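So the structure is just underneath, and the comments pick up after that.
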Amino acid sequence: MTDDTWGRVCDELQKSVGQNNFTTWIAPLELINLEDGIVSFRAPTKFMRDWVSRNFAEPILSELRRAGVSAERVDISVPLRQVANGAKPAAKPAAMPVKPRKPARAESEPLPGAPLDARFTFDSFVVGKPNELAHAAAKRVAEGGPVTFNPLFLYGGVGLGKTHLMHAIAHELQVQRPDLRVLYLSAEQFMYRFIQALRDKQIMDFKEMFRSIDVLMVDDVQFIAGKESTQEEFFHTFNALVDQGKQIVISADRAPGEIKDLEERIKSRLSCGLVVDLHPTDYELRLGILQTKTDAYRTEYPDLQIAPGVLEFIAHRISSNVRILEGALTRLFAYASLIGREITMDLAQECLKDQLRQSERKVTVEEIQRKVAEHYNVRLSDLVGPKRLRAIARPRQVAMFLAKSLTTRSLPDIGRRFGGRDHTTIMHGIRKIEELRATDSQLAEDIELLRRLLES
Ligand code: ADP
Ligand code: MG
């Protein structure tokens, strides 16, 4: 069959199936060859292959026959290696008798997403109290079923697993729903693409590409705060996808309402799905992560020796940021294998000197007072002063509570820093907050937020 013949068949098909169907489904097909009555095409995605086979094989065959080509069957293949974000390999097979027609729409173009880290899967993600809700929500999205919450908004401090979970969703969706177009990128990349599209006068292509996605994941969305036109475009993309019932997953370093210089309408749109925070790790989670990583390492280096108590020691002493925790472990393994010794407590202390010292950098009472005063909008001088008004006394107690839990200062010492108060007054304040925190969820949230701000 010649190029010309297929060209004429296409003209007829346009009439018989309609312009829309033609551009969506048939134009992106690449004709490979015709042999033994089988006409072979290549489709950009499995979804397209299935849809075309089911709905357009007959019209294609009958138009071919009408053009005098004897064809009995349509065979459609997809490129073997479909890359994570739906990108297709560009290489074409060597022998292609017919030039492919130019695909008419974004559907068949590779998605300009960010590469996925193969290690960031659900299997390698350790679940604990601080991240179990985020994990469960991510799992739900990864099933690729009907959208139950939109967007899923994940937030938390650095190194707590936001990016890991988003990549895990993308990996899992590839398996569960290879037909879906999944795009993962950072907010920074979104901005970069947007600016590039503006510069190249390809804004329509940009819009069309983003609106053809089934699952959009944007990492570190706080980045677009204060960037007006990017925010505007993001807002429209977001709305268009939500209106079509497409899933969106967003991450940020703080809750939507707390991102400064982000338009109100965007904040409220971001809040209307499921907002989940990843809490700083606790001791159990840190230990779990250390054990999992050690086990994985041991499959590679079976004679790795670790004295009892070393992992526990690290879990106690190194900060809540998982990235730093992992770094410490890697350093320890490298160090031990270099000098060829068992990992003992002494060796760990020696090797991790700097890391341990850094994580000792504790928040100061003054920092706590400043942040608390700012948060509750009271004057610092009032916070440490003698006023007994509830509006000042409560924040003061919160600050006392945080001073006790985030620093190693003694009660008398804290008392001195709160305008020379007695240690029993400090004790009373701390008890009061502990008590209220159990029932007052607003207060509990305030404390969590302040803790995060202070520890970051
Ligand atoms: P974030 O995006 O929140 O800053 P990342 O997702 O980049 O954090 O995580 C930092 C590192 O910590 C990554 O190497 C990631 O694999 C690891 N990590 C974070 N949380 C977990 C967890 N719960 N289990 C296993 N590894 C984790
Ligand atoms: Mg990240």
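If you're wondering about the labels, chains in the structure tokens are A, B, ... by order shown, residues count from 1 in each chain, ligands from 1 in order shown.
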(message) Around ligand 2, out to 8 Å and counting only C-alpha atoms and all ligand atoms, which residues are there? I want them as a list of chain:residue names.
(response) A:Val158, A:Gly159, A:Gly161, A:Lys162, A:Thr163, A:His164, A:Asp219, A:Asp220, A:Ser251
For Ala373 (chain A), find every residue with an atom within 12 Å (counting only C-alpha atoms), except residues of its own chain fewer than 4 positions away, and show them as a PDB file with C-alpha atoms, in the first residue's frame.
```pdb
ATOM      1  CA  GLU A 366      13.778  33.203  73.013  1.00  0.00           C
ATOM      2  CA  GLU A 367      13.028  31.811  69.542  1.00  0.00           C
ATOM      3  CA  ILE A 368      10.023  30.010  70.945  1.00  0.00           C
ATOM      4  CA  GLN A 369       8.728  33.138  72.603  1.00  0.00           C
ATOM      5  CA  ASN A 377      -0.367  38.297  67.573  1.00  0.00           C
ATOM      6  CA  VAL A 378       0.629  39.454  71.035  1.00  0.00           C
ATOM      7  CA  ARG A 379       3.592  41.576  71.985  1.00  0.00           C
ATOM      8  CA  LEU A 380       6.741  39.799  73.061  1.00  0.00           C
ATOM      9  CA  SER A 381       6.976  42.086  76.076  1.00  0.00           C
ATOM     10  CA  ASP A 382       3.465  41.075  77.107  1.00  0.00           C
ATOM     11  CA  LEU A 383       4.232  37.401  76.629  1.00  0.00           C
ATOM     12  CA  VAL A 384       7.003  37.519  79.214  1.00  0.00           C
ATOM     13  CA  ALA A 391      -5.557  36.366  75.521  1.00  0.00           C
ATOM     14  CA  ILE A 392      -2.002  36.701  76.742  1.00  0.00           C
ATOM     15  CA  ALA A 393      -1.839  34.075  79.461  1.00  0.00           C
ATOM     16  CA  ARG A 394      -2.755  31.219  77.132  1.00  0.00           C
ATOM     17  CA  PRO A 395      -0.081  31.961  74.515  1.00  0.00           C
ATOM     18  CA  ARG A 396       2.365  32.362  77.402  1.00  0.00           C
ATOM     19  CA  GLN A 397       1.507  28.864  78.611  1.00  0.00           C
ATOM     20  CA  VAL A 398       1.911  27.516  75.083  1.00  0.00           C
ATOM     21  CA  ALA A 399       5.367  29.049  74.966  1.00  0.00           C
ATOM     22  CA  MET A 400       6.226  27.507  78.346  1.00  0.00           C
ATOM     23  CA  LEU A 450       4.580  26.038  66.036  1.00  0.00           C
TER      24      LEU A 450
END
```
Could you tell me, counting only C-alpha atoms and all ligand atoms, which protein and nucleic acid residues lie no more than 7 Å from ligand 1, written as a tab-separated table (two decimals) with N, CA and C atoms, in the first residue's frame?
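Okay, part_8.tsv is ready:
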```tsv
chain	number	residue	atom	x	y	z
A	120	PHE	N	11.74	5.17	45.01
A	120	PHE	CA	10.61	5.73	45.76
A	120	PHE	C	9.32	4.97	45.46
A	124	SER	N	9.10	0.50	49.57
A	124	SER	CA	10.23	0.99	50.36
A	124	SER	C	9.82	2.09	51.34
A	125	PHE	N	8.54	2.38	51.40
A	125	PHE	CA	8.07	3.44	52.30
A	125	PHE	C	7.65	2.82	53.63
A	126	VAL	N	8.28	3.26	54.69
A	126	VAL	CA	7.97	2.71	56.01
A	126	VAL	C	6.83	3.53	56.63
A	127	VAL	N	5.79	2.81	57.05
A	127	VAL	CA	4.61	3.50	57.57
A	127	VAL	C	4.65	3.53	59.09
A	131	ASN	N	2.92	9.25	59.50
A	131	ASN	CA	2.64	9.35	58.07
A	131	ASN	C	1.55	8.39	57.59
A	156	GLY	N	4.15	18.98	54.73
A	156	GLY	CA	5.00	18.66	55.87
A	156	GLY	C	6.40	19.19	55.63
A	157	GLY	N	7.21	19.16	56.65
A	157	GLY	CA	8.57	19.69	56.56
A	157	GLY	C	9.44	18.91	55.58
A	158	VAL	N	10.63	19.40	55.34
A	158	VAL	CA	11.50	18.73	54.36
A	158	VAL	C	11.91	17.35	54.85
A	159	GLY	N	12.08	16.47	53.87
A	159	GLY	CA	12.62	15.15	54.14
A	159	GLY	C	11.67	14.23	54.88
A	160	LEU	N	10.37	14.47	54.77
A	160	LEU	CA	9.44	13.62	55.49
A	160	LEU	C	8.69	12.66	54.56
A	161	GLY	N	9.03	12.67	53.27
A	161	GLY	CA	8.48	11.66	52.38
A	161	GLY	C	7.41	12.11	51.39
A	162	LYS	N	7.25	13.41	51.20
A	162	LYS	CA	6.23	13.87	50.25
A	162	LYS	C	6.57	13.43	48.82
A	163	THR	N	7.78	13.72	48.42
A	163	THR	CA	8.17	13.35	47.05
A	163	THR	C	8.17	11.84	46.89
A	164	HIS	N	8.65	11.15	47.91
A	164	HIS	CA	8.64	9.69	47.87
A	164	HIS	C	7.22	9.17	47.59
A	165	LEU	N	6.24	9.68	48.31
A	165	LEU	CA	4.86	9.21	48.13
A	165	LEU	C	4.34	9.54	46.73
A	289	ILE	N	12.59	2.87	59.89
A	289	ILE	CA	13.29	3.23	58.65
A	289	ILE	C	14.72	2.73	58.68
A	322	VAL	N	14.03	12.56	57.49
A	322	VAL	CA	14.45	11.23	57.05
A	322	VAL	C	15.67	11.29	56.15
A	323	ARG	N	15.77	12.35	55.39
A	323	ARG	CA	16.91	12.46	54.49
A	323	ARG	C	18.22	12.48	55.28
A	326	GLU	N	18.85	8.99	56.75
A	326	GLU	CA	19.41	8.09	55.73
A	326	GLU	C	20.86	8.41	55.47
```
(request) Pick out the closest residue to Pro151 (chain A) from this set: A:Ile266, A:Ile259, A:Leu185, A:Val69. Count only C-alpha atoms. (result) A:Ile266
(message) According to DSSP computed on the backbone, where in region 202-432 of chain A is there helix (DSSP H, G or I)? Give the residues as an MDAnalysis selection string.
(response) chainID A and resid 203:211 221:224 228:243 256:258 264:271 283:300 310:317 322:339 345:351 353:360 365:376 380:384 390:406 411:417 423:432
(message) Report as a VMD selection string all protein, DNA and RNA residues lying within 10 Å of region 225-228 of chain A, evaluated on only C-alpha atoms, omitting residues in the same chain fewer than 4 positions from it.
(response) chain A and resid 187 191 221 232 to 234 259 to 263
Just to be explicit: take each residue in the selection above, keep N, CA and C atoms, and write the result as a CSV table (one decimal), in the first residue's frame.
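The resulting file, selection-v8.csv, is reproduced below:
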```
chain,number,residue,atom,x,y,z
A,187,ALA,N,6.6,22.3,41.0
A,187,ALA,CA,6.0,23.6,40.7
A,187,ALA,C,6.9,24.4,39.9
A,191,MET,N,6.4,26.1,36.2
A,191,MET,CA,6.6,27.5,35.9
A,191,MET,C,7.5,27.7,34.7
A,221,VAL,N,4.4,23.0,45.8
A,221,VAL,CA,3.6,24.1,45.1
A,221,VAL,C,3.9,25.5,45.8
A,232,GLU,N,-1.8,32.1,38.1
A,232,GLU,CA,-3.0,32.2,37.3
A,232,GLU,C,-3.2,31.0,36.4
A,233,GLU,N,-2.1,30.7,35.7
A,233,GLU,CA,-2.2,29.5,34.8
A,233,GLU,C,-2.4,28.2,35.6
A,234,PHE,N,-1.7,28.1,36.7
A,234,PHE,CA,-1.9,26.9,37.5
A,234,PHE,C,-3.3,26.8,37.9
A,259,ILE,N,0.4,29.3,53.2
A,259,ILE,CA,1.4,29.7,52.1
A,259,ILE,C,1.2,31.2,51.8
A,260,LYS,N,2.2,31.9,52.2
A,260,LYS,CA,2.1,33.4,52.0
A,260,LYS,C,2.2,33.7,50.5
A,261,ASP,N,1.6,34.8,50.1
A,261,ASP,CA,1.6,35.3,48.7
A,261,ASP,C,1.0,34.3,47.7
A,262,LEU,N,0.0,33.5,48.2
A,262,LEU,CA,-0.7,32.6,47.3
A,262,LEU,C,-2.1,33.2,47.3
A,263,GLU,N,-2.7,33.3,46.1
A,263,GLU,CA,-4.0,33.9,46.0
A,263,GLU,C,-5.1,33.2,46.8
```
(request) State, in Å with one decimal place, the distance from CA of Asp440 (chain A) to CA of Thr148 (chain A). (result) 28.8 Å
(message) I need the residues in region 83-292 of chain A that are strand (DSSP E) according to DSSP; give them as a PyMOL selection string.
(response) chain A and resi 152-155+182-186+215-219+247-252+274-277
(request) Using only C-alpha atoms, pick whichever of A:Thr299, A:Asn150, A:Asn321, A:Thr344 has the shortest atom-to-atom distance to Phe238 (chain A). (result) A:Asn150
(message) Taking only C-alpha atoms into account, name the residue in A:Ser441, A:Ser186, A:Gln244, A:Thr425 that is nearest to Arg211 (chain A).
(response) A:Gln244
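Among the candidate residues A:Ser410, A:Thr330, A:Ser16, A:Thr121, the one lying nearest to Ala348 (chain A) is A:Thr330, with distances computed using only C-alpha atoms.
Residues surrounding Gly145 (chain A) within 10 Å are A:Arg140, A:Val141, A:Gln176, A:Arg177, A:Gln247 [only C-alpha atoms; sequence separation below 4 positions excluded].
Going from CA of Ala252 (chain A) to CA of Ile213 (chain A) covers 20.9 Å.
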(request) Pick out the residues sitting within 12 Å of Val52 (chain A), and hand them over as number ranges by chain; count only C-alpha atoms, and ignore anything fewer than 3 positions along from it in its own chain. (result) A: 17, 21-22, 24-29, 41-49, 55-60, 74-77
Written file, previous selection with C-alpha atoms, as a PDB file, in the first residue's frame:
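What follows is the written file out.pdb:
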```
ATOM      1  CA  VAL A  17     -16.067   8.684  11.471  1.00  0.00           C
ATOM      2  CA  ASN A  21     -12.919  11.037  16.101  1.00  0.00           C
ATOM      3  CA  PHE A  22     -10.458  11.125  13.294  1.00  0.00           C
ATOM      4  CA  THR A  24      -8.340  11.991  18.297  1.00  0.00           C
ATOM      5  CA  TRP A  25      -7.983   8.356  17.394  1.00  0.00           C
ATOM      6  CA  ILE A  26      -6.876   7.728  13.856  1.00  0.00           C
ATOM      7  CA  ALA A  27      -4.449  10.513  13.014  1.00  0.00           C
ATOM      8  CA  PRO A  28      -2.042   9.564  15.831  1.00  0.00           C
ATOM      9  CA  LEU A  29      -1.699   6.021  14.458  1.00  0.00           C
ATOM     10  CA  PHE A  41      -0.257   0.256  13.163  1.00  0.00           C
ATOM     11  CA  ARG A  42       1.517   1.656  16.164  1.00  0.00           C
ATOM     12  CA  ALA A  43      -0.473   3.608  18.749  1.00  0.00           C
ATOM     13  CA  PRO A  44       1.089   5.877  21.351  1.00  0.00           C
ATOM     14  CA  THR A  45      -0.643   4.324  24.357  1.00  0.00           C
ATOM     15  CA  LYS A  46      -2.300   1.068  25.337  1.00  0.00           C
ATOM     16  CA  PHE A  47      -5.484   2.913  25.989  1.00  0.00           C
ATOM     17  CA  MET A  48      -5.534   4.215  22.440  1.00  0.00           C
ATOM     18  CA  ARG A  49      -4.733   0.768  21.088  1.00  0.00           C
ATOM     19  CA  ASN A  55     -14.253   1.114  17.858  1.00  0.00           C
ATOM     20  CA  PHE A  56     -12.412   1.901  14.675  1.00  0.00           C
ATOM     21  CA  ALA A  57     -11.027  -1.354  13.289  1.00  0.00           C
ATOM     22  CA  GLU A  58     -14.139  -1.957  11.214  1.00  0.00           C
ATOM     23  CA  PRO A  59     -14.359   1.514   9.662  1.00  0.00           C
ATOM     24  CA  ILE A  60     -10.628   1.350   8.820  1.00  0.00           C
ATOM     25  CA  VAL A  74      -6.146  -4.527  12.004  1.00  0.00           C
ATOM     26  CA  ASP A  75      -3.216  -5.077  14.321  1.00  0.00           C
ATOM     27  CA  ILE A  76      -2.134  -2.311  16.663  1.00  0.00           C
ATOM     28  CA  SER A  77       0.978  -2.352  18.815  1.00  0.00           C
TER      29      SER A  77
END
```
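Across the structure, CA of Ile32 (chain A) and CA of Leu180 (chain A) are spaced 24.6 Å apart.
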Just want the 9 Å neighbourhood of Lys246 (chain A), counted on only C-alpha atoms, with same-chain residues fewer than 2 positions away dropped. Output as a CSV table (one decimal) with N, CA and C atoms, in the first residue's frame.
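Dumped to selection_7.csv:
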```
chain,number,residue,atom,x,y,z
A,147,VAL,N,-12.3,9.2,41.4
A,147,VAL,CA,-11.7,10.2,42.2
A,147,VAL,C,-12.6,10.4,43.5
A,150,ASN,N,-10.4,15.5,45.8
A,150,ASN,CA,-9.6,16.2,44.8
A,150,ASN,C,-9.4,17.7,45.2
A,213,ILE,N,-4.2,15.4,30.7
A,213,ILE,CA,-3.6,14.5,31.7
A,213,ILE,C,-4.7,13.9,32.6
A,214,ASP,N,-4.5,12.7,33.0
A,214,ASP,CA,-5.5,12.1,33.8
A,214,ASP,C,-5.1,12.2,35.3
A,215,VAL,N,-3.9,12.2,35.6
A,215,VAL,CA,-3.4,12.4,37.0
A,215,VAL,C,-2.3,13.4,37.0
A,216,LEU,N,-2.5,14.5,37.6
A,216,LEU,CA,-1.5,15.5,37.6
A,216,LEU,C,-0.9,15.7,39.0
A,240,ALA,N,-9.6,23.2,35.3
A,240,ALA,CA,-10.0,22.5,34.1
A,240,ALA,C,-10.0,21.0,34.4
A,241,LEU,N,-8.9,20.5,35.1
A,241,LEU,CA,-8.8,19.1,35.4
A,241,LEU,C,-9.8,18.6,36.4
A,242,VAL,N,-10.0,19.4,37.4
A,242,VAL,CA,-11.0,19.1,38.5
A,242,VAL,C,-12.4,19.0,37.8
A,243,ASP,N,-12.7,19.9,36.9
A,243,ASP,CA,-14.0,19.9,36.3
A,243,ASP,C,-14.2,18.6,35.5
A,244,GLN,N,-13.1,18.1,34.9
A,244,GLN,CA,-13.2,16.9,34.1
A,244,GLN,C,-13.1,15.6,35.0
A,248,ILE,N,-5.9,15.2,41.0
A,248,ILE,CA,-4.7,16.1,41.2
A,248,ILE,C,-4.1,15.8,42.6
```
(message) For a quick check of understanding, using only C-alpha atoms, which of A:Glu312, A:Glu300, A:Asp354, A:Glu434 has the smallest distance to Arg331 (chain A)?
(response) A:Asp354
